[in-house]
file final27.tsv (TSV, C-alpha atoms and all ligand atoms)
chain	number	residue	atom	x	y	z
K	1106	MET	CA	0.00	0.00	0.00
K	1107	LYS	CA	1.25	3.45	-0.94
K	1108	ILE	CA	0.77	6.37	1.46
K	1109	ILE	CA	1.28	9.90	0.14
K	1110	LEU	CA	1.92	12.25	3.06
K	1111	PRO	CA	0.88	15.95	3.14
K	1112	CYS	CA	4.48	16.94	2.35
K	1113	SER	CA	4.30	14.69	-0.78
K	1114	THR	CA	6.71	12.11	0.72
K	1115	ILE	CA	5.72	8.55	-0.17
K	1116	ASN	CA	5.59	5.80	2.48
K	1117	MET	CA	5.11	2.14	1.56
K	1118	MET	CA	3.09	0.01	4.00
K	1119	SER	CA	2.18	-3.68	4.00
K	1120	GLY	CA	-1.07	-4.52	2.24
K	1121	ASP	CA	-2.80	-5.95	5.32
K	1122	PRO	CA	-6.23	-4.34	5.79
K	1123	VAL	CA	-6.17	-1.39	8.17
K	1124	SER	CA	-8.52	1.53	8.83
K	1125	ILE	CA	-7.69	5.09	7.77
K	1126	SER	CA	-7.80	6.20	11.41
K	1127	GLN	CA	-5.20	3.57	12.31
K	1128	ILE	CA	-2.95	4.86	9.54
K	1129	LEU	CA	-3.34	8.44	10.78
K	1130	ASP	CA	-2.74	7.29	14.35
K	1131	GLN	CA	0.53	5.61	13.37
K	1132	LEU	CA	1.65	8.80	11.64
K	1133	CYS	CA	0.55	10.96	14.61
K	1134	ILE	CA	-1.77	13.00	12.38
K	1135	ASN	CA	-4.93	14.53	13.86
K	1136	PRO	CA	-7.85	13.41	11.63
K	1137	SER	CA	-9.59	16.78	11.87
K	1138	GLU	CA	-6.61	18.52	10.23
K	1139	VAL	CA	-6.61	16.39	7.08
K	1140	ILE	CA	-8.84	14.81	4.47
K	1141	VAL	CA	-7.89	11.40	3.04
K	1142	SER	CA	-8.48	9.90	-0.38
K	1143	ARG	CA	-8.23	6.21	-1.34
K	1144	ASN	CA	-7.43	5.72	-5.02
K	1145	GLY	CA	-8.50	9.29	-5.70
K	1146	LYS	CA	-11.87	9.11	-3.88
K	1147	LEU	CA	-12.48	10.79	-0.55
K	1148	VAL	CA	-13.13	8.31	2.31
K	1149	PRO	CA	-14.14	8.63	5.99
K	1150	GLU	CA	-11.66	7.56	8.70
K	1151	ASP	CA	-13.43	4.28	9.39
K	1152	ALA	CA	-12.92	3.15	5.79
K	1153	VAL	CA	-10.49	0.26	5.36
K	1154	ALA	CA	-7.44	0.31	3.08
K	1155	GLY	CA	-5.09	-2.48	2.02
K	1156	GLY	CA	-3.60	-4.33	-0.95
K	1157	ASP	CA	-2.36	-1.94	-3.62
K	1158	ASP	CA	-4.46	1.02	-2.45
K	1159	GLU	CA	-3.03	4.48	-2.87
K	1160	ILE	CA	-3.81	6.59	0.19
K	1161	ARG	CA	-3.32	10.33	-0.04
K	1162	ILE	CA	-3.35	12.47	3.10
K	1163	ILE	CA	-4.15	16.13	2.35
K	1164	ARG	CA	-3.53	18.80	4.96
K	1165	ILE	CA	-6.30	21.35	5.35
K	1166	ALA	CA	-4.48	24.68	5.32
K	1167	HIS	CA	-5.86	27.26	7.73
K	1168	GLY	CA	-7.67	30.24	6.28
K	1169	GLY	CA	-8.82	31.29	2.89
L	1051	MET	CA	-25.93	5.89	5.92
L	1052	LEU	CA	-28.53	7.78	3.89
L	1053	CYS	CA	-28.09	5.93	0.60
L	1054	ALA	CA	-26.15	3.15	-1.13
L	1055	GLU	CA	-23.42	5.39	-2.54
L	1056	PRO	CA	-19.94	5.10	-0.98
L	1057	PRO	CA	-19.53	7.46	2.00
L	1058	VAL	CA	-16.92	10.24	1.80
L	1059	ILE	CA	-17.18	11.63	5.34
L	1060	ARG	CA	-18.34	10.70	8.80
L	1061	LEU	CA	-20.02	13.49	10.78
L	1062	ARG	CA	-20.97	13.60	14.47
L	1063	GLU	CA	-24.03	14.96	16.23
L	1064	PRO	CA	-25.87	13.12	14.84
L	1065	ASP	CA	-23.39	10.39	13.90
L	1066	ARG	CA	-23.81	9.83	10.15
L	1067	HIS	CA	-21.95	8.80	7.01
L	1068	LEU	CA	-22.57	10.89	3.90
L	1069	CYS	CA	-21.85	10.25	0.23
L	1070	ALA	CA	-20.57	13.09	-1.96
L	1071	ALA	CA	-24.04	14.18	-3.15
L	1072	HIS	CA	-25.51	14.09	0.35
L	1073	LEU	CA	-22.51	16.00	1.77
L	1074	ILE	CA	-22.96	18.78	-0.80
L	1075	ALA	CA	-26.68	18.97	-0.06
L	1076	ASP	CA	-26.04	18.94	3.71
L	1077	VAL	CA	-23.51	21.82	3.60
L	1078	GLU	CA	-25.71	23.97	1.37
L	1079	LYS	CA	-28.83	23.27	3.42
L	1080	ARG	CA	-27.09	24.27	6.66
L	1081	ALA	CA	-25.65	27.45	5.13
L	1082	ALA	CA	-29.14	28.34	3.86
L	1083	ARG	CA	-30.51	27.72	7.35
L	1084	THR	CA	-27.89	29.95	9.00
L	1085	ILE	CA	-28.71	32.70	6.51
L	1086	ARG	CA	-32.45	32.35	7.05
L	1087	GLU	CA	-32.39	32.04	10.85
L	1088	ARG	CA	-30.05	34.98	11.38
L	1089	GLU	CA	-31.59	36.99	8.54
L	1090	LEU	CA	-28.20	37.51	6.94
L	1091	ILE	CA	-29.50	38.20	3.45
L	1092	LYS	CA	-32.57	40.25	2.51
L	1093	PRO	CA	-34.24	40.94	-0.84
L	1094	HIS	CA	-32.31	43.41	-3.04
L	1095	ASP	CA	-29.03	42.84	-1.17
L	1096	ARG	CA	-25.79	43.14	-3.09
L	1097	ILE	CA	-23.32	40.81	-1.39
L	1098	ALA	CA	-19.59	41.48	-1.58
L	1099	VAL	CA	-17.93	38.11	-1.04
L	1100	ALA	CA	-14.45	38.32	0.49
L	1101	PHE	CA	-12.79	35.90	-1.87
L	1102	SER	CA	-9.12	34.99	-1.43
L	1103	GLY	CA	-9.25	31.84	-3.55
L	1104	GLY	CA	-8.48	29.71	-0.47
L	1105	LYS	CA	-10.80	26.93	0.66
L	1106	ASP	CA	-13.19	28.82	2.95
L	1107	SER	CA	-13.93	31.66	0.57
L	1108	THR	CA	-14.18	29.29	-2.39
L	1109	ALA	CA	-16.76	27.22	-0.50
L	1110	LEU	CA	-18.57	30.44	0.42
L	1111	LEU	CA	-18.72	31.70	-3.15
L	1112	VAL	CA	-19.83	28.31	-4.52
L	1113	THR	CA	-22.53	27.95	-1.85
L	1114	LEU	CA	-23.86	31.49	-2.27
L	1115	SER	CA	-23.97	31.23	-6.05
L	1116	ARG	CA	-25.96	27.96	-5.77
L	1117	LEU	CA	-28.39	29.52	-3.28
L	1118	LEU	CA	-28.68	32.77	-5.23
L	1119	PRO	CA	-31.79	31.80	-7.29
L	1120	SER	CA	-33.73	31.22	-4.05
L	1121	TRP	CA	-33.45	34.88	-3.00
L	1122	GLU	CA	-35.31	37.79	-4.50
L	1123	ASP	CA	-33.13	40.17	-6.52
L	1124	VAL	CA	-29.82	39.45	-4.76
L	1125	SER	CA	-26.49	39.87	-6.55
L	1126	LEU	CA	-22.92	38.80	-5.76
L	1127	VAL	CA	-19.57	40.44	-6.37
L	1128	ALA	CA	-16.36	38.62	-5.41
L	1129	ILE	CA	-13.61	40.80	-3.97
L	1130	THR	CA	-10.01	39.62	-3.84
L	1131	VAL	CA	-7.48	41.49	-1.73
L	1132	ASP	CA	-3.90	41.22	-2.93
L	1133	GLU	CA	-1.81	41.71	0.21
L	1134	GLY	CA	1.43	41.34	-1.74
L	1135	ILE	CA	2.96	38.21	-0.19
L	1136	ALA	CA	5.71	36.87	-2.46
L	1137	GLY	CA	5.51	33.20	-3.40
L	1138	TYR	CA	2.00	32.84	-2.01
L	1139	ARG	CA	-0.47	35.35	-3.34
L	1140	ASP	CA	0.16	35.00	-7.08
L	1141	ASP	CA	-0.99	31.37	-7.12
L	1142	THR	CA	-4.03	32.04	-4.96
L	1143	ILE	CA	-5.10	34.96	-7.14
L	1144	ARG	CA	-4.84	32.81	-10.24
L	1145	ALA	CA	-6.94	30.13	-8.49
L	1146	ALA	CA	-9.47	32.81	-7.51
L	1147	GLU	CA	-9.83	34.02	-11.09
L	1148	GLU	CA	-10.45	30.49	-12.36
L	1149	VAL	CA	-13.26	29.95	-9.87
L	1150	THR	CA	-15.07	33.23	-10.59
L	1151	LYS	CA	-14.80	32.52	-14.30
L	1152	LYS	CA	-16.32	29.08	-13.80
L	1153	LEU	CA	-19.14	30.46	-11.61
L	1154	ARG	CA	-19.57	33.54	-13.82
L	1155	THR	CA	-19.39	35.84	-10.85
L	1156	GLU	CA	-18.44	39.48	-11.09
L	1157	HIS	CA	-14.91	39.84	-9.65
L	1158	VAL	CA	-12.80	42.79	-8.53
L	1159	CYS	CA	-9.28	42.96	-7.03
L	1160	ILE	CA	-7.78	45.52	-4.65
L	1161	SER	CA	-4.18	45.55	-3.44
L	1162	PHE	CA	-2.45	46.83	-0.29
L	1163	THR	CA	-0.36	48.92	-2.66
L	1164	ASP	CA	-3.58	50.62	-3.89
L	1165	LEU	CA	-4.50	51.22	-0.26
L	1166	VAL	CA	-1.28	52.32	1.49
L	1167	GLY	CA	1.34	52.45	-1.25
L	1168	ASP	CA	3.27	49.33	-0.17
L	1169	ASP	CA	2.77	45.58	-0.19
L	1170	LEU	CA	2.62	43.49	3.00
L	1171	ASP	CA	6.15	42.11	2.62
L	1172	ALA	CA	7.56	45.64	2.53
L	1173	LEU	CA	5.36	46.82	5.41
L	1174	LEU	CA	6.44	43.94	7.63
L	1175	VAL	CA	10.21	44.11	7.39
L	1176	GLY	CA	11.44	43.86	11.00
L	1177	ARG	CA	7.96	43.28	12.42
L	1178	GLU	CA	7.07	39.85	11.06
L	1179	THR	CA	5.56	38.73	14.36
L	1180	GLN	CA	2.79	41.34	13.90
L	1181	ALA	CA	1.98	40.01	10.44
L	1182	CYS	CA	-1.53	38.73	11.13
L	1183	SER	CA	-2.73	41.81	12.97
L	1184	VAL	CA	-1.25	44.27	10.44
L	1185	CYS	CA	-2.60	42.19	7.58
L	1186	GLY	CA	-6.01	41.79	9.26
L	1187	ILE	CA	-6.48	45.52	9.80
L	1188	LEU	CA	-5.49	46.43	6.24
L	1189	ARG	CA	-7.45	43.58	4.64
L	1190	ARG	CA	-10.57	44.65	6.51
L	1191	LYS	CA	-10.10	48.20	5.27
L	1192	ALA	CA	-9.35	47.11	1.70
L	1193	LEU	CA	-12.47	44.97	1.68
L	1194	SER	CA	-14.76	47.71	2.88
L	1195	VAL	CA	-13.27	50.23	0.43
L	1196	ALA	CA	-13.78	47.81	-2.49
L	1197	ALA	CA	-17.23	46.74	-1.26
L	1198	GLN	CA	-18.37	50.32	-0.97
L	1199	LYS	CA	-17.08	51.09	-4.45
L	1200	ALA	CA	-18.96	48.05	-5.81
L	1201	GLY	CA	-22.20	49.26	-4.21
L	1202	ALA	CA	-22.46	46.32	-1.81
L	1203	THR	CA	-24.99	46.24	1.03
L	1204	LYS	CA	-23.32	43.32	2.90
L	1205	ILE	CA	-19.84	41.80	3.12
L	1206	ALA	CA	-19.77	38.00	3.39
L	1207	THR	CA	-16.69	36.25	4.78
L	1208	GLY	CA	-15.81	32.55	4.79
L	1209	HIS	CA	-15.33	32.13	8.55
L	1210	ASN	CA	-16.21	28.57	9.54
L	1211	LEU	CA	-17.10	26.86	12.82
L	1212	ASP	CA	-13.45	26.17	13.67
L	1213	ASP	CA	-12.50	29.83	13.08
L	1214	GLU	CA	-15.33	30.97	15.31
L	1215	ALA	CA	-14.36	28.59	18.11
L	1216	GLN	CA	-10.69	29.59	17.81
L	1217	SER	CA	-11.62	33.27	18.08
L	1218	VAL	CA	-13.65	32.66	21.22
L	1219	LEU	CA	-10.73	30.87	22.87
L	1220	MET	CA	-8.13	33.39	21.68
L	1221	ASN	CA	-10.10	36.38	22.92
L	1222	THR	CA	-10.63	34.60	26.22
L	1223	LEU	CA	-6.92	33.77	26.54
L	1224	ARG	CA	-6.11	37.43	25.84
L	1225	GLY	CA	-8.70	38.61	28.35
L	1226	ASP	CA	-10.35	40.68	25.62
L	1227	LEU	CA	-14.03	40.74	26.60
L	1228	PRO	CA	-15.11	43.51	24.19
L	1229	ARG	CA	-13.72	41.61	21.25
L	1230	LEU	CA	-15.13	38.34	22.56
L	1231	VAL	CA	-18.67	39.69	22.33
L	1232	ARG	CA	-18.14	41.89	19.28
L	1233	THR	CA	-17.38	39.20	16.72
L	1234	SER	CA	-20.83	37.80	16.02
L	1235	ASP	CA	-22.56	38.69	12.78
L	1236	ALA	CA	-25.00	41.30	14.03
L	1237	ASP	CA	-22.40	43.37	15.87
L	1238	SER	CA	-19.38	43.20	13.66
L	1239	SER	CA	-20.25	46.08	11.38
L	1240	ASP	CA	-17.41	48.41	12.30
L	1241	CYS	CA	-17.74	49.98	8.89
L	1242	PHE	CA	-20.92	51.11	7.18
L	1243	ILE	CA	-21.47	47.75	5.56
L	1244	PRO	CA	-22.64	44.88	7.80
L	1245	ARG	CA	-20.58	41.68	7.74
L	1246	ILE	CA	-22.11	38.22	7.52
L	1247	LYS	CA	-20.64	34.72	8.02
L	1248	PRO	CA	-22.88	32.21	6.23
L	1249	LEU	CA	-20.51	29.26	6.91
L	1250	ALA	CA	-20.20	29.86	10.65
L	1251	ASP	CA	-21.95	26.57	11.46
L	1252	ILE	CA	-19.88	24.39	9.16
L	1253	ALA	CA	-16.67	22.68	10.29
L	1254	GLU	CA	-13.42	23.28	8.45
L	1255	LYS	CA	-13.13	19.61	7.55
L	1256	GLU	CA	-16.62	19.54	6.02
L	1257	ILE	CA	-15.70	22.56	3.92
L	1258	ALA	CA	-12.53	20.87	2.67
L	1259	ALA	CA	-14.48	17.69	1.83
L	1260	TYR	CA	-17.29	19.70	0.18
L	1261	LEU	CA	-14.76	21.22	-2.21
L	1262	PHE	CA	-12.71	18.06	-2.76
L	1263	VAL	CA	-15.67	16.00	-3.99
L	1264	GLN	CA	-16.47	18.74	-6.52
L	1265	ASP	CA	-12.86	19.00	-7.75
L	1266	LEU	CA	-12.75	22.52	-6.33
L	1267	PHE	CA	-10.32	21.97	-3.44
L	1268	PRO	CA	-7.53	24.55	-3.81
L	1269	PHE	CA	-4.17	22.84	-3.35
L	1270	LEU	CA	-2.48	25.99	-2.17
L	1271	PRO	CA	0.28	26.68	0.32
L	1272	GLU	CA	-0.49	28.05	3.78
L	1273	CYS	CA	0.22	31.75	4.20
L	1274	PRO	CA	3.95	31.98	5.09
L	1275	TYR	CA	3.21	34.36	7.98
L	1276	THR	CA	0.84	31.92	9.71
L	1277	ARG	CA	3.69	30.38	11.69
L	1278	TYR	CA	3.90	33.56	13.73
L	1279	ALA	CA	0.28	33.34	14.79
L	1280	LEU	CA	-1.20	32.40	18.17
L	1281	ARG	CA	-4.15	31.12	16.19
L	1282	LEU	CA	-2.11	28.17	14.94
L	1283	GLU	CA	-1.43	26.95	18.47
L	1284	VAL	CA	-5.06	27.41	19.43
L	1285	ARG	CA	-6.13	25.62	16.27
L	1286	SER	CA	-4.17	22.44	16.92
L	1287	MET	CA	-5.15	22.41	20.59
L	1288	LEU	CA	-8.85	22.80	19.76
L	1289	SER	CA	-8.85	20.21	17.00
L	1290	ALA	CA	-7.21	17.71	19.36
L	1291	MET	CA	-9.92	18.46	21.95
L	1292	GLU	CA	-12.66	18.17	19.34
L	1293	GLN	CA	-11.31	14.80	18.27
L	1294	LYS	CA	-11.41	13.47	21.83
L	1295	HIS	CA	-14.59	15.26	22.89
L	1296	PRO	CA	-16.87	15.89	19.89
L	1297	GLY	CA	-18.90	19.06	20.38
L	1298	THR	CA	-16.11	21.06	22.07
L	1299	MET	CA	-16.11	23.78	19.39
L	1300	ARG	CA	-19.89	24.13	19.34
L	1301	ASN	CA	-19.93	24.36	23.13
L	1302	LEU	CA	-17.33	27.14	23.13
L	1303	ILE	CA	-19.46	29.13	20.70
L	1304	LYS	CA	-22.53	28.44	22.82
L	1305	SER	CA	-20.75	29.86	25.88
L	1306	LYS	CA	-19.80	32.95	23.94
L	1307	ARG	CA	-23.41	33.47	22.80
L	1308	ALA	CA	-24.59	33.14	26.41
L	1309	ILE	CA	-22.06	35.76	27.59
L	1310	GLU	CA	-23.01	37.97	24.67
L	1311	LYS	CA	-26.67	37.90	25.66
L	1312	HIS	CA	-25.88	39.18	29.13
L	1313	VAL	CA	-23.09	41.68	28.60
L	1314	GLY	CA	-23.00	42.35	24.86
L	1315	ARG	CA	-25.09	45.49	24.83
L	1316	ARG	CA	-23.34	46.94	27.85
L	1317	VAL	CA	-19.85	46.47	26.40
L	1318	MET	CA	-21.01	47.76	23.04
L	1319	SER	CA	-22.82	50.81	24.35
L	1320	GLU	CA	-19.84	53.18	24.17
L	1321	PRO	CA	-20.93	55.95	21.79
L	1322	LEU	CA	-19.66	55.58	18.23
L	1323	ARG	CA	-16.92	58.07	17.49
L	1324	ARG	CA	-15.22	59.20	14.30
L	1325	CYS	CA	-11.53	58.89	13.54
L	1326	ARG	CA	-9.99	62.37	13.56
L	1327	GLU	CA	-7.79	61.52	10.56
L	1328	CYS	CA	-10.12	59.76	8.14
L	1329	GLY	CA	-13.62	60.07	9.63
L	1330	ASP	CA	-14.30	56.34	9.73
L	1331	PRO	CA	-16.38	55.08	12.66
L	1332	CYS	CA	-14.12	53.88	15.50
L	1333	SER	CA	-13.99	53.47	19.27
L	1334	GLY	CA	-11.10	55.83	20.09
L	1335	GLU	CA	-9.52	59.00	18.70
L	1336	LEU	CA	-7.88	57.24	15.78
L	1337	CYS	CA	-9.16	54.22	13.86
L	1338	GLN	CA	-7.00	51.07	13.64
L	1339	VAL	CA	-5.93	51.82	10.09
L	1340	CYS	CA	-4.75	55.36	10.89
L	1341	THR	CA	-3.03	54.13	14.06
L	1342	LEU	CA	-1.23	51.53	11.96
L	1343	ARG	CA	-0.36	54.08	9.26
L	1344	LYS	CA	1.21	56.31	11.92
L	1345	SER	CA	3.27	53.49	13.41
L	1346	LEU	CA	4.45	52.48	9.95
L	1347	GLY	CA	5.35	56.06	9.13
L	1348	LYS	CA	2.93	56.09	6.18
W	1401	ZN	ZN	-25.94	9.68	-0.24
W	1402	ZN	ZN	-8.79	56.65	10.48
call {"tool": "encode", "arguments": {"input": "final27.tsv", "output": "structure tokens"}}
result
Amino acid sequence: MKIILPCSTINMMSGDPVSISQILDQLCINPSEVIVSRNGKLVPEDAVAGGDDEIRIIRIAHGG
Amino acid sequence: MLCAEPPVIRLREPDRHLCAAHLIADVEKRAARTIRERELIKPHDRIAVAFSGGKDSTALLVTLSRLLPSWEDVSLVAITVDEGIAGYRDDTIRAAEEVTKKLRTEHVCISFTDLVGDDLDALLVGRETQACSVCGILRRKALSVAAQKAGATKIATGHNLDDEAQSVLMNTLRGDLPRLVRTSDADSSDCFIPRIKPLADIAEKEIAAYLFVQDLFPFLPECPYTRYALRLEVRSMLSAMEQKHPGTMRNLIKSKRAIEKHVGRRVMSEPLRRCRECGDPCSGELCQVCTLRKSLGK
């Protein structure tokens, strides 16, 4: 599984099924400060990712 | 779950999963309700939308232009303030222009250079830590100048639920009671044009998701001066609290409203005075803009 971090760094993780909130937890990212897409589609934190999924974590910039 | 489509977000109070279409409908319905309940928009209003091209103001402009047909003879004009922040503003202004073109909204720009003869970067040399307050004062002024010129009857800003909760906590931490009770929509008209915040009941994350599912999320950098701001500390503290204790932000705003009810009028009742330099309404001898101009030697 491929994880794209807010800074655009790419992390590879094993393909075992895991929830988005567990991924964020491991990375010490507060879920309310980001939105997360799985293969380009937005998903809630209780969605499960695994296999070859591409997970993108997008930081919500303050303001605007 | 409201339907069989894949959910894109989980919301609390009430706990629910929404698909993209239901999320869009939910955000727009709640903005419409805020506007109706607080009577933010009336027939024949001309709304100046403070539009930076960032996520909050993009969501505001999209929402208002969708709701526009439901109001009698209301028009919108988007106003973009160019503070002059190198490496940040150019991209956001380009993003802003694309959105107004897509929505076919009237759009005007005003720069700090138009207003005080210098851009923000030049004004801030040696005083970077004051960035957000200097910028805030001038942006407010630029907006009301441009709104007045465009014939607007209201100024709409993209402040969301998180912003509102952060402001309550920041003003409390600073011990600033007058500002604590002055920030709600009805009372914040320090210029001639009343200000409204149609997204004040919608969380920052919902706004980001609302835009993302419509391919409208602006992938833009954070303002480079933000790192100097107290707001950033308050923001991460509050979002951690909200995560652990859902409802924290709403409760903060509720407390503020309760305080407002009891003391608001009393704090506000100082007679309105006029700035001796420019004649704008203000609370002291000099308005904030003229005070700032003096201290900058402008
Ligand atoms: Zn749905
Ligand atoms: Zn003045």
call {"tool": "interface_residues", "arguments": {"input": "final27.tsv", "of": "chain L", "to": "chain K", "cutoff": "10 Å", "atoms": "all atoms listed in the file", "output": "PyMOL selection string"}}
result
chain L and resi 1056-1061+1067-1070+1100-1109+1142+1207-1210+1212-1213+1253-1259+1262-1263+1267-1273+1276+1281-1282+1285-1286+1288-1290+1292-1293
call {"tool": "residues_around", "arguments": {"input": "final27.tsv", "residues": "K:Ser1124", "least_positions_apart": "2", "cutoff": "9 Å", "atoms": "all atoms listed in the file", "output": "PyMOL selection string"}}
result
chain K and resi 1122+1126-1129+1150-1155
call {"tool": "write_last_selection", "arguments": {"input": "final27.tsv", "atoms": "C-alpha atoms", "output": "short mmCIF file (atom, residue, chain, number, x, y, z; two decimals), in the coordinates of the input"}}
result
data_model
loop_
_atom_site.label_atom_id
_atom_site.label_comp_id
_atom_site.auth_asym_id
_atom_site.auth_seq_id
_atom_site.Cartn_x
_atom_site.Cartn_y
_atom_site.Cartn_z
CA PRO K 1122 -6.23 -4.34 5.79
CA SER K 1126 -7.80 6.20 11.41
CA GLN K 1127 -5.20 3.57 12.31
CA ILE K 1128 -2.95 4.86 9.54
CA LEU K 1129 -3.34 8.44 10.78
CA GLU K 1150 -11.66 7.56 8.70
CA ASP K 1151 -13.43 4.28 9.39
CA ALA K 1152 -12.92 3.15 5.79
CA VAL K 1153 -10.49 0.26 5.36
CA ALA K 1154 -7.44 0.31 3.08
CA GLY K 1155 -5.09 -2.48 2.02
#
call {"tool": "residues_near_point", "arguments": {"input": "final27.tsv", "point": "(4.4, 6.5, 1.7)", "cutoff": "10 Å", "atoms": "all atoms listed in the file", "output": "list in words"}}
result
Met1106, Lys1107, Ile1108, Ile1109, Leu1110, Ser1113, Thr1114, Ile1115, Asn1116, Met1117, Met1118, Glu1159, Ile1160, Arg1161 and Ile1162 of chain K
call {"tool": "atom_distance", "arguments": {"input": "final27.tsv", "atom1": "atom CA of L:Ala1098", "atom2": "atom CA of L:Ala1145"}}
result
18.3 Å
call {"tool": "residues_around", "arguments": {"input": "final27.tsv", "residues": "L:Cys1332", "least_positions_apart": "6", "cutoff": "6 Å", "atoms": "all atoms listed in the file", "output": "list in words"}}
result
Arg1323, Arg1324 and Cys1325 of chain L
call {"tool": "write_last_selection", "arguments": {"input": "final27.tsv", "atoms": "C-alpha atoms", "output": "compact mmCIF listing (two decimals), in the frame of the given file"}}
result
# COMPACT_ATOMS: atom_id res chain seq x y z
CA ARG L 1323 -16.92 58.07 17.49
CA ARG L 1324 -15.22 59.20 14.30
CA CYS L 1325 -11.53 58.89 13.54
call {"tool": "residues_near_ligand", "arguments": {"input": "final27.tsv", "ligand": "ligand ZN 1402 (chain W)", "cutoff": "12 Å", "atoms": "only C-alpha atoms and all ligand atoms", "output": "list in words"}}
result
Ile1187, Leu1188, Lys1191, Cys1241, Arg1323, Arg1324, Cys1325, Arg1326, Glu1327, Cys1328, Gly1329, Asp1330, Pro1331, Cys1332, Ser1333, Gly1334, Glu1335, Leu1336, Cys1337, Gln1338, Val1339, Cys1340, Thr1341, Leu1342, Arg1343 and Lys1344 of chain L
call {"tool": "residues_near_ligand", "arguments": {"input": "final27.tsv", "ligand": "ligand ZN 1401 (chain W)", "cutoff": "6 Å", "atoms": "all atoms listed in the file", "output": "PyMOL selection string"}}
result
chain L and resi 1052-1053+1055+1068-1069+1071-1072
